[in-house]
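entry-v5.cif (mmCIF, C-alpha atoms) appears below.
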```cif
data_structure
loop_
_atom_site.label_atom_id
_atom_site.label_comp_id
_atom_site.auth_asym_id
_atom_site.auth_seq_id
_atom_site.Cartn_x
_atom_site.Cartn_y
_atom_site.Cartn_z
CA MET A 1 77.69 -25.14 -39.53
CA GLU A 2 80.33 -25.46 -42.25
CA LEU A 3 79.10 -26.11 -45.72
CA ASP A 4 81.40 -28.94 -46.63
CA VAL A 5 80.22 -31.88 -48.66
CA GLN A 6 80.89 -34.40 -45.93
CA ALA A 7 78.61 -32.68 -43.45
CA LEU A 8 75.86 -32.43 -46.05
CA LEU A 9 76.23 -36.11 -46.91
CA GLY A 10 76.01 -36.88 -43.23
CA ILE A 11 72.76 -34.93 -42.98
CA LEU A 12 71.46 -36.76 -46.05
CA LEU A 13 72.23 -40.19 -44.70
CA SER A 14 70.88 -39.56 -41.23
CA ALA A 15 67.72 -37.85 -42.50
CA VAL A 16 66.86 -40.71 -44.86
CA LEU A 17 67.93 -43.73 -42.86
CA THR A 18 69.29 -43.49 -39.33
CA GLU A 19 66.92 -40.75 -38.18
CA ASN A 20 64.07 -41.54 -40.51
CA PHE A 21 61.34 -39.02 -39.87
CA ILE A 22 58.53 -41.49 -39.41
CA LEU A 23 60.06 -44.65 -38.07
CA VAL A 24 62.66 -43.22 -35.73
CA LYS A 25 61.51 -39.73 -34.81
CA PHE A 26 57.73 -40.11 -35.12
CA TYR A 27 57.01 -37.01 -37.17
CA GLY A 28 54.09 -37.27 -39.53
CA ILE A 29 52.43 -40.40 -38.22
CA CYS A 30 48.93 -39.23 -39.17
CA PRO A 31 49.51 -39.16 -42.95
CA PHE A 32 51.68 -42.26 -42.56
CA MET A 33 48.70 -44.16 -41.21
CA GLY A 34 46.02 -42.34 -43.20
CA VAL A 35 47.47 -42.29 -46.70
CA SER A 36 49.29 -45.60 -46.83
CA LYS A 37 46.54 -47.84 -48.13
CA LYS A 38 47.81 -47.79 -51.74
CA ILE A 39 51.30 -47.43 -53.14
CA ASP A 40 50.34 -44.79 -55.75
CA THR A 41 48.75 -42.41 -53.28
CA ALA A 42 51.57 -43.00 -50.80
CA LEU A 43 54.08 -42.03 -53.45
CA GLY A 44 52.08 -38.90 -54.34
CA MET A 45 51.88 -37.88 -50.71
CA GLY A 46 55.59 -38.51 -50.23
CA MET A 47 56.48 -36.35 -53.22
CA ALA A 48 54.24 -33.52 -52.09
CA VAL A 49 55.67 -33.63 -48.57
CA THR A 50 59.27 -33.67 -49.82
CA PHE A 51 58.59 -30.66 -52.02
CA VAL A 52 56.92 -28.65 -49.26
CA MET A 53 59.51 -29.63 -46.65
CA ALA A 54 62.40 -28.36 -48.79
CA LEU A 55 60.55 -25.13 -49.58
CA ALA A 56 59.43 -24.63 -45.99
CA SER A 57 62.97 -25.14 -44.71
CA ALA A 58 64.19 -22.40 -47.04
CA ALA A 59 61.32 -20.00 -46.33
CA CYS A 60 61.38 -20.46 -42.56
CA PHE A 61 65.17 -20.04 -42.49
CA ALA A 62 64.73 -16.70 -44.24
CA VAL A 63 61.88 -15.63 -41.94
CA ASN A 64 63.86 -16.61 -38.86
CA GLU A 65 67.12 -14.92 -39.89
CA LEU A 66 65.69 -11.81 -41.53
CA LEU A 67 62.63 -11.10 -39.40
CA LEU A 68 62.49 -12.85 -36.05
CA ILE A 69 66.11 -12.62 -34.89
CA PRO A 70 66.70 -8.94 -35.81
CA MET A 71 63.42 -8.02 -34.09
CA GLU A 72 64.16 -10.27 -31.10
CA LEU A 73 60.93 -12.16 -31.55
CA GLU A 74 62.35 -15.67 -31.33
CA TYR A 75 59.54 -16.74 -29.01
CA MET A 76 57.13 -16.20 -31.89
CA GLN A 77 58.84 -18.94 -33.93
CA THR A 78 56.07 -21.52 -33.63
CA ILE A 79 53.34 -19.10 -34.71
CA ALA A 80 55.43 -17.55 -37.48
CA PHE A 81 56.52 -20.91 -38.89
CA ILE A 82 53.05 -22.43 -38.98
CA LEU A 83 51.77 -19.34 -40.79
CA VAL A 84 54.65 -19.53 -43.27
CA ILE A 85 53.93 -23.22 -43.87
CA ALA A 86 50.19 -22.69 -44.26
CA SER A 87 50.64 -19.87 -46.77
CA LEU A 88 53.41 -21.77 -48.55
CA VAL A 89 51.15 -24.77 -49.04
CA GLN A 90 48.47 -22.44 -50.41
CA VAL A 91 50.93 -20.77 -52.82
CA VAL A 92 52.32 -24.11 -53.98
CA GLU A 93 48.79 -25.32 -54.59
CA MET A 94 47.89 -22.27 -56.70
CA PHE A 95 51.21 -22.41 -58.57
CA LEU A 96 50.87 -26.08 -59.44
CA LYS A 97 47.25 -25.68 -60.46
CA LYS A 98 48.22 -22.97 -62.93
CA PHE A 99 51.55 -24.17 -64.29
CA VAL A 100 51.88 -27.92 -63.66
CA PRO A 101 48.31 -29.21 -63.72
CA ALA A 102 49.46 -32.82 -64.16
CA LEU A 103 51.31 -32.83 -60.85
CA TYR A 104 48.47 -30.89 -59.23
CA LYS A 105 46.02 -33.58 -60.24
CA ALA A 106 48.35 -36.34 -59.06
CA LEU A 107 48.70 -34.80 -55.59
CA GLY A 108 45.03 -33.87 -55.33
CA VAL A 109 43.62 -33.63 -51.86
CA TYR A 110 46.93 -34.37 -50.14
CA LEU A 111 48.36 -30.97 -50.85
CA PRO A 112 46.24 -28.91 -48.39
CA LEU A 113 46.60 -31.65 -45.78
CA ILE A 114 50.33 -31.05 -45.60
CA THR A 115 49.83 -27.94 -43.48
CA THR A 116 48.97 -30.07 -40.47
CA ASN A 117 51.67 -32.66 -41.13
CA CYS A 118 53.99 -32.42 -38.18
CA ALA A 119 56.92 -33.55 -40.29
CA VAL A 120 56.96 -30.14 -41.94
CA LEU A 121 56.80 -28.06 -38.77
CA GLY A 122 59.10 -30.58 -37.11
CA VAL A 123 61.87 -30.30 -39.68
CA VAL A 124 61.75 -26.52 -39.56
CA LEU A 125 62.00 -26.46 -35.75
CA VAL A 126 64.84 -29.01 -35.80
CA ASN A 127 66.72 -26.88 -38.35
CA VAL A 128 66.52 -23.90 -36.03
CA GLN A 129 67.43 -25.89 -32.91
CA LYS A 130 70.47 -27.45 -34.53
CA GLY A 131 71.56 -24.10 -35.96
CA TYR A 132 71.76 -25.34 -39.54
CA GLY A 133 72.73 -22.83 -42.23
CA PHE A 134 70.65 -22.17 -45.34
CA LEU A 135 71.99 -25.01 -47.48
CA ALA A 136 72.04 -27.50 -44.62
CA SER A 137 68.42 -26.61 -43.76
CA VAL A 138 67.24 -27.18 -47.31
CA VAL A 139 69.17 -30.45 -47.60
CA ASN A 140 67.77 -31.61 -44.27
CA GLY A 141 64.24 -30.69 -45.39
CA ALA A 142 64.50 -32.42 -48.75
CA CYS A 143 66.17 -35.54 -47.35
CA GLY A 144 63.74 -35.75 -44.46
CA GLY A 145 61.03 -35.73 -47.12
CA LEU A 146 62.80 -38.49 -49.04
CA GLY A 147 63.00 -40.55 -45.86
CA PHE A 148 59.28 -39.94 -45.34
CA THR A 149 58.58 -41.09 -48.91
CA LEU A 150 60.72 -44.20 -48.48
CA ALA A 151 58.96 -45.20 -45.29
CA ILE A 152 55.42 -44.51 -46.50
CA VAL A 153 55.91 -46.35 -49.82
CA LEU A 154 57.48 -49.36 -48.09
CA PHE A 155 54.69 -49.38 -45.57
CA ALA A 156 51.97 -49.06 -48.19
CA SER A 157 53.28 -52.12 -49.99
CA ILE A 158 53.29 -54.09 -46.74
CA ARG A 159 49.84 -52.90 -45.86
CA GLU A 160 48.31 -53.89 -49.19
CA ARG A 161 49.16 -57.46 -48.22
CA VAL A 162 48.38 -57.24 -44.51
CA ASP A 163 44.86 -55.98 -45.23
CA LYS A 164 44.05 -59.21 -47.01
CA THR A 165 45.20 -61.49 -44.22
CA ASP A 166 42.99 -63.13 -41.68
CA CYS A 167 43.86 -61.85 -38.20
CA PRO A 168 42.10 -62.00 -34.81
CA GLU A 169 38.91 -59.94 -34.60
CA ALA A 170 40.25 -57.47 -32.03
CA PHE A 171 43.36 -56.73 -34.11
CA LYS A 172 41.42 -55.94 -37.30
CA GLY A 173 42.03 -52.52 -38.79
CA PHE A 174 44.28 -50.19 -36.92
CA PRO A 175 46.07 -52.44 -34.38
CA ILE A 176 47.51 -54.83 -36.95
CA THR A 177 48.61 -51.84 -39.03
CA LEU A 178 50.45 -50.42 -36.03
CA ILE A 179 52.14 -53.72 -35.34
CA SER A 180 53.33 -54.02 -38.94
CA ALA A 181 54.67 -50.47 -38.62
CA GLY A 182 56.48 -51.59 -35.47
CA LEU A 183 58.16 -54.40 -37.37
CA LEU A 184 59.20 -51.97 -40.09
CA ALA A 185 60.64 -49.69 -37.40
CA LEU A 186 62.54 -52.69 -36.05
CA ALA A 187 64.08 -53.15 -39.48
CA PHE A 188 65.08 -49.47 -39.57
CA MET A 189 66.76 -49.84 -36.19
CA GLY A 190 69.37 -51.83 -38.06
CA PHE A 191 70.52 -48.60 -39.67
CA SER A 192 71.33 -46.94 -36.37
CA GLY A 193 75.03 -46.50 -35.90
CA LEU A 194 75.53 -46.24 -39.65
CA LYS A 195 78.03 -43.45 -40.33
CA ILE A 196 80.06 -42.44 -43.33
CA PHE A 197 82.88 -40.70 -41.49
CA MET B 198 24.43 -30.86 -23.76
CA ASN B 199 24.63 -33.87 -21.55
CA VAL B 200 27.69 -33.79 -19.27
CA LYS B 201 27.71 -37.52 -18.57
CA LYS B 202 27.48 -38.35 -22.25
CA GLN B 203 30.34 -35.95 -23.02
CA PHE B 204 32.44 -37.56 -20.32
CA GLU B 205 31.81 -41.01 -21.72
CA GLU B 206 32.60 -39.82 -25.24
CA GLY B 207 35.91 -38.31 -24.20
CA LEU B 208 37.02 -41.30 -22.20
CA LEU B 209 35.55 -44.25 -24.06
CA THR B 210 33.35 -44.09 -27.11
CA LYS B 211 35.22 -41.23 -28.80
CA ASN B 212 38.55 -41.45 -27.04
CA PRO B 213 40.87 -39.24 -29.11
CA VAL B 214 43.74 -41.72 -29.12
CA LEU B 215 42.15 -45.17 -28.93
CA VAL B 216 39.09 -44.60 -31.12
CA GLN B 217 39.64 -41.49 -33.23
CA LEU B 218 43.35 -42.28 -33.58
CA LEU B 219 44.40 -38.64 -33.55
CA GLY B 220 47.65 -37.11 -32.39
CA MET B 221 49.63 -40.27 -32.92
CA CYS B 222 52.99 -38.51 -33.21
CA SER B 223 53.16 -37.41 -29.61
CA VAL B 224 51.54 -40.61 -28.33
CA LEU B 225 54.26 -42.74 -29.88
CA ALA B 226 57.20 -40.44 -29.37
CA ILE B 227 57.11 -39.31 -25.77
CA THR B 228 55.50 -42.19 -23.86
CA THR B 229 58.73 -43.51 -22.40
CA SER B 230 58.25 -42.47 -18.77
CA LEU B 231 55.31 -41.59 -16.54
CA PHE B 232 56.57 -38.02 -16.05
CA ASN B 233 56.66 -37.35 -19.81
CA GLY B 234 53.22 -38.83 -20.34
CA LEU B 235 51.56 -36.89 -17.54
CA GLY B 236 53.33 -33.67 -18.55
CA MET B 237 52.30 -34.00 -22.18
CA GLY B 238 48.75 -35.03 -21.28
CA ILE B 239 48.22 -32.10 -18.94
CA SER B 240 49.78 -29.61 -21.38
CA VAL B 241 47.53 -30.80 -24.18
CA THR B 242 44.47 -30.75 -21.92
CA ILE B 243 45.13 -27.13 -20.91
CA ILE B 244 45.70 -26.03 -24.50
CA LEU B 245 42.61 -27.95 -25.62
CA ILE B 246 40.38 -26.27 -23.02
CA CYS B 247 41.74 -22.78 -23.74
CA SER B 248 41.52 -23.06 -27.52
CA ASN B 249 38.07 -24.67 -27.36
CA VAL B 250 36.78 -21.82 -25.17
CA LEU B 251 38.25 -19.05 -27.32
CA ILE B 252 37.19 -20.63 -30.61
CA SER B 253 33.70 -21.25 -29.27
CA ALA B 254 33.46 -17.64 -28.07
CA LEU B 255 34.60 -16.35 -31.46
CA ARG B 256 32.63 -18.82 -33.55
CA LYS B 257 30.21 -16.17 -34.84
CA VAL B 258 32.97 -13.65 -35.58
CA ILE B 259 35.35 -15.82 -37.61
CA PRO B 260 34.35 -16.00 -41.29
CA SER B 261 34.07 -19.62 -42.34
CA GLN B 262 36.44 -19.30 -45.33
CA ILE B 263 39.45 -18.52 -43.14
CA ARG B 264 38.40 -20.48 -40.07
CA ILE B 265 41.12 -23.15 -40.26
CA ALA B 266 43.87 -20.54 -40.51
CA SER B 267 42.37 -18.61 -37.60
CA TYR B 268 42.10 -21.76 -35.48
CA ILE B 269 45.74 -22.59 -36.13
CA VAL B 270 46.84 -19.11 -35.07
CA ILE B 271 44.77 -19.30 -31.87
CA ILE B 272 46.15 -22.76 -31.08
CA ALA B 273 49.72 -21.70 -31.85
CA GLY B 274 49.31 -18.79 -29.46
CA PHE B 275 48.28 -21.06 -26.57
CA VAL B 276 50.99 -23.58 -27.41
CA THR B 277 53.60 -20.83 -27.26
CA ILE B 278 52.30 -19.75 -23.85
CA VAL B 279 52.50 -23.31 -22.49
CA ASP B 280 55.91 -23.82 -24.09
CA LEU B 281 57.34 -20.71 -22.43
CA LEU B 282 55.76 -21.58 -19.05
CA LEU B 283 57.22 -25.09 -19.15
CA GLN B 284 60.66 -23.78 -20.06
CA ALA B 285 60.49 -21.37 -17.15
CA PHE B 286 59.06 -23.62 -14.43
CA LEU B 287 59.65 -27.24 -15.50
CA PRO B 288 62.87 -27.12 -17.56
CA ASP B 289 63.43 -30.90 -17.14
CA LEU B 290 60.07 -31.71 -18.69
CA ALA B 291 60.57 -29.11 -21.44
CA GLU B 292 63.88 -30.72 -22.31
CA SER B 293 62.66 -34.30 -22.40
CA LEU B 294 59.57 -33.44 -24.47
CA GLY B 295 61.71 -31.25 -26.73
CA VAL B 296 60.28 -30.35 -30.09
CA PHE B 297 57.02 -32.17 -29.35
CA ILE B 298 55.71 -29.24 -27.33
CA PRO B 299 55.72 -26.78 -30.25
CA LEU B 300 54.42 -29.65 -32.37
CA ILE B 301 51.19 -29.65 -30.31
CA VAL B 302 50.17 -26.92 -32.78
CA VAL B 303 49.72 -29.52 -35.50
CA ASN B 304 48.30 -32.17 -33.14
CA CYS B 305 45.13 -33.19 -34.93
CA ILE B 306 43.18 -33.59 -31.67
CA ILE B 307 43.09 -29.87 -30.99
CA LEU B 308 42.24 -28.75 -34.51
CA GLY B 309 39.83 -31.67 -34.77
CA ARG B 310 37.87 -30.67 -31.65
CA ALA B 311 37.89 -27.02 -32.75
CA GLU B 312 36.34 -27.93 -36.08
CA ALA B 313 34.04 -30.73 -34.90
CA PHE B 314 32.84 -29.33 -31.58
CA ALA B 315 33.89 -25.83 -30.52
CA SER B 316 32.85 -24.16 -33.77
CA LYS B 317 29.27 -25.43 -33.29
CA ASN B 318 28.66 -25.36 -29.53
CA GLY B 319 28.54 -22.92 -26.64
CA VAL B 320 31.45 -21.85 -24.45
CA ILE B 321 30.73 -24.03 -21.40
CA ALA B 322 30.01 -27.16 -23.41
CA SER B 323 33.21 -26.57 -25.38
CA ALA B 324 35.25 -26.15 -22.21
CA LEU B 325 33.86 -29.43 -20.87
CA ASP B 326 34.51 -31.13 -24.19
CA GLY B 327 38.12 -29.92 -24.06
CA LEU B 328 38.49 -31.17 -20.50
CA PHE B 329 37.05 -34.64 -21.17
CA GLN B 330 38.87 -35.15 -24.47
CA GLY B 331 42.04 -34.03 -22.71
CA ILE B 332 41.45 -36.53 -19.91
CA GLY B 333 40.85 -39.28 -22.47
CA TYR B 334 44.12 -38.38 -24.16
CA THR B 335 46.01 -38.25 -20.86
CA VAL B 336 44.65 -41.63 -19.72
CA ALA B 337 45.73 -43.26 -22.99
CA LEU B 338 49.17 -41.64 -22.74
CA VAL B 339 49.65 -42.73 -19.15
CA ALA B 340 48.61 -46.31 -19.97
CA MET B 341 51.14 -46.40 -22.79
CA CYS B 342 53.82 -44.92 -20.52
CA VAL B 343 53.28 -47.44 -17.74
CA ILE B 344 53.51 -50.40 -20.12
CA ARG B 345 56.50 -49.16 -22.07
CA GLU B 346 58.42 -47.99 -19.03
CA LEU B 347 57.88 -51.24 -17.18
CA LEU B 348 58.93 -53.42 -20.11
CA GLY B 349 61.60 -51.10 -21.48
CA SER B 350 63.41 -49.79 -18.42
CA GLY B 351 61.88 -52.00 -15.72
CA THR B 352 60.71 -49.07 -13.59
CA PHE B 353 57.47 -47.37 -12.60
CA GLY B 354 56.98 -43.61 -12.30
CA GLY B 355 60.26 -42.54 -13.91
CA GLY B 356 60.95 -38.83 -13.53
CA LEU B 357 58.43 -38.54 -10.68
CA LEU B 358 58.89 -41.09 -7.89
CA ASN B 359 61.99 -42.17 -5.99
CA GLY B 360 63.95 -38.98 -6.79
CA GLY B 361 63.35 -39.17 -10.52
CA GLU B 362 64.74 -42.69 -10.84
CA GLY B 363 61.39 -44.43 -10.64
CA ILE B 364 60.65 -47.54 -8.60
CA ARG B 365 62.57 -50.48 -10.01
CA ILE B 366 60.37 -53.53 -10.59
CA ILE B 367 62.39 -55.60 -13.05
CA PRO B 368 66.10 -55.90 -12.15
CA GLU B 369 68.59 -54.09 -14.33
CA GLY B 370 69.82 -55.97 -17.38
CA TYR B 371 66.52 -57.79 -17.93
CA PRO B 372 64.19 -55.16 -19.45
CA ALA B 373 63.85 -55.10 -23.25
CA MET B 374 65.37 -51.78 -24.31
CA GLN B 375 63.45 -51.97 -27.59
CA MET B 376 60.22 -51.16 -25.78
CA ILE B 377 61.28 -47.58 -25.10
CA MET B 378 62.58 -47.26 -28.64
CA PRO B 379 60.37 -46.48 -31.67
CA VAL B 380 59.55 -50.17 -32.23
CA GLY B 381 58.05 -50.45 -28.76
CA GLY B 382 55.85 -47.41 -29.40
CA PHE B 383 54.18 -48.95 -32.42
CA LEU B 384 53.86 -52.40 -30.85
CA THR B 385 52.47 -51.14 -27.53
CA LEU B 386 49.92 -48.86 -29.19
CA GLY B 387 48.90 -51.72 -31.46
CA PHE B 388 48.24 -54.00 -28.51
CA VAL B 389 46.56 -51.29 -26.41
CA VAL B 390 44.17 -50.40 -29.25
CA ALA B 391 43.47 -54.09 -29.85
CA GLY B 392 42.71 -54.61 -26.17
CA PHE B 393 40.46 -51.56 -26.19
CA GLN B 394 38.56 -52.76 -29.24
CA TYR B 395 38.08 -56.13 -27.57
CA TYR B 396 36.76 -54.46 -24.40
CA MET B 397 34.41 -52.16 -26.31
CA ARG B 398 33.01 -55.04 -28.36
CA ARG B 399 32.27 -57.08 -25.23
CA ARG B 400 30.72 -54.06 -23.58
CA GLN B 401 28.43 -53.53 -26.56
CA SER B 402 27.36 -57.13 -26.81
CA LYS B 403 26.62 -57.13 -23.07
CA LYS B 404 24.49 -54.00 -23.49
CA LYS B 405 22.55 -55.69 -26.28
CA GLU B 406 21.88 -58.71 -24.11
CA GLY B 407 20.69 -56.39 -21.34
CA VAL B 408 18.22 -54.74 -23.69
CA LYS B 409 16.80 -58.08 -24.77
#
```

Would you kindly transcribe this structure into structure tokens?
Amino acid sequence: MELDVQALLGILLSAVLTENFILVKFYGICPFMGVSKKIDTALGMGMAVTFVMALASAACFAVNELLLIPMELEYMQTIAFILVIASLVQVVEMFLKKFVPALYKALGVYLPLITTNCAVLGVVLVNVQKGYGFLASVVNGACGGLGFTLAIVLFASIRERVDKTDCPEAFKGFPITLISAGLLALAFMGFSGLKIF
Amino acid sequence: MNVKKQFEEGLLTKNPVLVQLLGMCSVLAITTSLFNGLGMGISVTIILICSNVLISALRKVIPSQIRIASYIVIIAGFVTIVDLLLQAFLPDLAESLGVFIPLIVVNCIILGRAEAFASKNGVIASALDGLFQGIGYTVALVAMCVIRELLGSGTFGGGLLNGGEGIRIIPEGYPAMQMIMPVGGFLTLGFVVAGFQYYMRRRQSKKKEGVK
């Protein structure tokens, strides 16, 4: 893929809005449901995921181009990528703990959980499938993360209110949460067809 | 281990989708036709059985500090096998499930059962647990598929029956397209879980009355 600004902007727009990772493509639903009870924690999770997604896109691009393709081991992609992501999360955790303790504290328990967030593995696999170059992969990773953050923060603010409402017994807890998520997804459908060129 | 109790746990009281709410990504994303749902359900069931058996067999060998990493590698291995088999023998299914097959690696159901069951129980019990949890997952997926396909495309059995077209129940032009889009996924799952909670509550209160 060519590295012109327009194409990168296109990736940015589609990753954040039209192909939002959670509400349109369904990557990362577990943390979306699990960590969206409060806006602060949702924001922390979103930041951590964005950070790891950009890094993982870069690292997995390198692993794929420099290791797997020359050795004709493309069928090992899934295993290799999940190992890269798991070790990356570990390294990021150790790095932050040592050098940026404030951020480390803010992210807390959410950092190790990112390994099993399918948004991270998903973005890496999509990068490879679409044949994105290095820069495009990183932009896609970072913007996918931003889209994730946008959706989870929006949803957390809705949920803080929904949890206080009085709804039918059978809908209490998870079902009403899902239905509010559905309405949010309906709103995001309005972005489909949005293009800048 | 009690087989009947395990069966009931997998299907009802600890249904991975409807009660434990695990593996939501695939449940919401691919339940647009019966073929997809069955394919995904069976793939996950096979991977779940295999990884449960292997992890249970190795449970005394794997040091507990690195167990999660080891589980993920084992699961990723089985997922790769299933992925390659599907691409070779069922290319249609592989294409319509797309990236969600490799994403089974991070499906919380499999890692969850490995950690909660297979790492503590014997090989046969773990295999049965994998089978029943897999069936519970498949049943939930198929229910979602039937509802969404009927309301969204107006057909039943898409990809399987009637030469892949599915049997048309609602005439063309009437079905609500939104139901096979992301919105429909969230709404349908919301209503299915609500219905399930309602059923389980009635079942429990009936049991209580029976005891009295």

Expansion of the PyMOL selection byres ((chain B and resi 202-214) around 8) into residues, as a ChimeraX atom specification: /B:198-201,215-221,224,306,325-326,329-334,337

Suppose you want the space between atom CA of Val52 of chain A and atom CA of Gly193 of chain A; what is it in Å?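 So the two atoms, atom CA of Val52 of chain A and atom CA of Gly193 of chain A, lie 28.7 Å apart.
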
What gap, in Å, lies between atom CA of Thr228 of chain B and atom CA of Pro299 of chain B?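 These two atoms are separated by 16.7 Å.
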
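For the choices A:Ile85, A:Leu146, A:Met53, A:Ala170, the atom-to-atom distance to chain B is smallest for A:Ala170 when using all atoms listed in the file.
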
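One finds atom CA of Val336 of chain B at 18.7 Å from atom CA of Gly309 of chain B.
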
Reference answer for the PyMOL selection byres ((chain B) within 9 of (chain A)), as a PDB file with C-alpha atoms, in the coordinates of the input:
```
ATOM      1  CA  LEU B 218      43.350 -42.280 -33.580  1.00  0.00           C
ATOM      2  CA  LEU B 219      44.400 -38.640 -33.550  1.00  0.00           C
ATOM      3  CA  GLY B 220      47.650 -37.110 -32.390  1.00  0.00           C
ATOM      4  CA  MET B 221      49.630 -40.270 -32.920  1.00  0.00           C
ATOM      5  CA  CYS B 222      52.990 -38.510 -33.210  1.00  0.00           C
ATOM      6  CA  SER B 223      53.160 -37.410 -29.610  1.00  0.00           C
ATOM      7  CA  LEU B 225      54.260 -42.740 -29.880  1.00  0.00           C
ATOM      8  CA  ALA B 226      57.200 -40.440 -29.370  1.00  0.00           C
ATOM      9  CA  ALA B 266      43.870 -20.540 -40.510  1.00  0.00           C
ATOM     10  CA  ILE B 269      45.740 -22.590 -36.130  1.00  0.00           C
ATOM     11  CA  VAL B 270      46.840 -19.110 -35.070  1.00  0.00           C
ATOM     12  CA  ILE B 272      46.150 -22.760 -31.080  1.00  0.00           C
ATOM     13  CA  ALA B 273      49.720 -21.700 -31.850  1.00  0.00           C
ATOM     14  CA  GLY B 274      49.310 -18.790 -29.460  1.00  0.00           C
ATOM     15  CA  VAL B 276      50.990 -23.580 -27.410  1.00  0.00           C
ATOM     16  CA  THR B 277      53.600 -20.830 -27.260  1.00  0.00           C
ATOM     17  CA  LEU B 281      57.340 -20.710 -22.430  1.00  0.00           C
ATOM     18  CA  VAL B 296      60.280 -30.350 -30.090  1.00  0.00           C
ATOM     19  CA  PHE B 297      57.020 -32.170 -29.350  1.00  0.00           C
ATOM     20  CA  PRO B 299      55.720 -26.780 -30.250  1.00  0.00           C
ATOM     21  CA  LEU B 300      54.420 -29.650 -32.370  1.00  0.00           C
ATOM     22  CA  ILE B 301      51.190 -29.650 -30.310  1.00  0.00           C
ATOM     23  CA  VAL B 302      50.170 -26.920 -32.780  1.00  0.00           C
ATOM     24  CA  VAL B 303      49.720 -29.520 -35.500  1.00  0.00           C
ATOM     25  CA  ASN B 304      48.300 -32.170 -33.140  1.00  0.00           C
ATOM     26  CA  CYS B 305      45.130 -33.190 -34.930  1.00  0.00           C
ATOM     27  CA  GLN B 375      63.450 -51.970 -27.590  1.00  0.00           C
ATOM     28  CA  MET B 378      62.580 -47.260 -28.640  1.00  0.00           C
ATOM     29  CA  PRO B 379      60.370 -46.480 -31.670  1.00  0.00           C
ATOM     30  CA  VAL B 380      59.550 -50.170 -32.230  1.00  0.00           C
ATOM     31  CA  GLY B 381      58.050 -50.450 -28.760  1.00  0.00           C
ATOM     32  CA  GLY B 382      55.850 -47.410 -29.400  1.00  0.00           C
ATOM     33  CA  PHE B 383      54.180 -48.950 -32.420  1.00  0.00           C
ATOM     34  CA  LEU B 384      53.860 -52.400 -30.850  1.00  0.00           C
ATOM     35  CA  THR B 385      52.470 -51.140 -27.530  1.00  0.00           C
ATOM     36  CA  LEU B 386      49.920 -48.860 -29.190  1.00  0.00           C
ATOM     37  CA  GLY B 387      48.900 -51.720 -31.460  1.00  0.00           C
ATOM     38  CA  PHE B 388      48.240 -54.000 -28.510  1.00  0.00           C
ATOM     39  CA  VAL B 389      46.560 -51.290 -26.410  1.00  0.00           C
ATOM     40  CA  VAL B 390      44.170 -50.400 -29.250  1.00  0.00           C
ATOM     41  CA  ALA B 391      43.470 -54.090 -29.850  1.00  0.00           C
ATOM     42  CA  GLY B 392      42.710 -54.610 -26.170  1.00  0.00           C
ATOM     43  CA  PHE B 393      40.460 -51.560 -26.190  1.00  0.00           C
ATOM     44  CA  GLN B 394      38.560 -52.760 -29.240  1.00  0.00           C
ATOM     45  CA  TYR B 395      38.080 -56.130 -27.570  1.00  0.00           C
ATOM     46  CA  TYR B 396      36.760 -54.460 -24.400  1.00  0.00           C
ATOM     47  CA  ARG B 398      33.010 -55.040 -28.360  1.00  0.00           C
TER      48      ARG B 398
END
```

Once the PyMOL selection byres ((chain B and resi 314) around 12) is applied to the coordinates I shared, what remains selected? I want it as a PyMOL selection string. chain B and resi 198+203+245-246+248-250+252-253+256+306-313+315-327+330

8 Å contact set for Lys38 of chain A, all atoms listed in the file, chain neighbours under 2 positions out, as a short mmCIF file (atom, residue, chain, number, x, y, z; two decimals) with C-alpha atoms, in the frame of the given file:
```
data_model
loop_
_atom_site.label_atom_id
_atom_site.label_comp_id
_atom_site.auth_asym_id
_atom_site.auth_seq_id
_atom_site.Cartn_x
_atom_site.Cartn_y
_atom_site.Cartn_z
CA VAL A 35 47.47 -42.29 -46.70
CA SER A 36 49.29 -45.60 -46.83
CA ASP A 40 50.34 -44.79 -55.75
CA THR A 41 48.75 -42.41 -53.28
CA ALA A 42 51.57 -43.00 -50.80
CA ALA A 156 51.97 -49.06 -48.19
CA SER A 157 53.28 -52.12 -49.99
CA GLU A 160 48.31 -53.89 -49.19
#
```

Between B:Met376, B:Met397, B:Val343, B:Val279, single out the one closest to Ile243 of chain B, counting all atoms listed in the file.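 Closest to Ile243 of chain B, using all atoms listed in the file: B:Val279.
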
Write out as a PyMOL selection string which residues come within 8 Å of segment 287-293 of chain B when counting all atoms listed in the file, dropping same-chain ones fewer than 4 positions away. chain B and resi 232-233+236+280+282-283+298

Exercise: Leu107 of chain A partners within 12 Å, all atoms listed in the file, chain neighbours under 6 positions left out, as a PyMOL selection string: chain A and resi 35+40-49+51+92-93+96-97+100-101+113-114

For C-alpha atoms, I'd like the residues from the last selection saved as a compact mmCIF listing (two decimals), keeping the file's coordinate frame.
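New file out_7.txt:
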```
# COMPACT_ATOMS: atom_id res chain seq x y z
CA VAL A 35 47.47 -42.29 -46.70
CA ASP A 40 50.34 -44.79 -55.75
CA THR A 41 48.75 -42.41 -53.28
CA ALA A 42 51.57 -43.00 -50.80
CA LEU A 43 54.08 -42.03 -53.45
CA GLY A 44 52.08 -38.90 -54.34
CA MET A 45 51.88 -37.88 -50.71
CA GLY A 46 55.59 -38.51 -50.23
CA MET A 47 56.48 -36.35 -53.22
CA ALA A 48 54.24 -33.52 -52.09
CA VAL A 49 55.67 -33.63 -48.57
CA PHE A 51 58.59 -30.66 -52.02
CA VAL A 92 52.32 -24.11 -53.98
CA GLU A 93 48.79 -25.32 -54.59
CA LEU A 96 50.87 -26.08 -59.44
CA LYS A 97 47.25 -25.68 -60.46
CA VAL A 100 51.88 -27.92 -63.66
CA PRO A 101 48.31 -29.21 -63.72
CA LEU A 113 46.60 -31.65 -45.78
CA ILE A 114 50.33 -31.05 -45.60
```
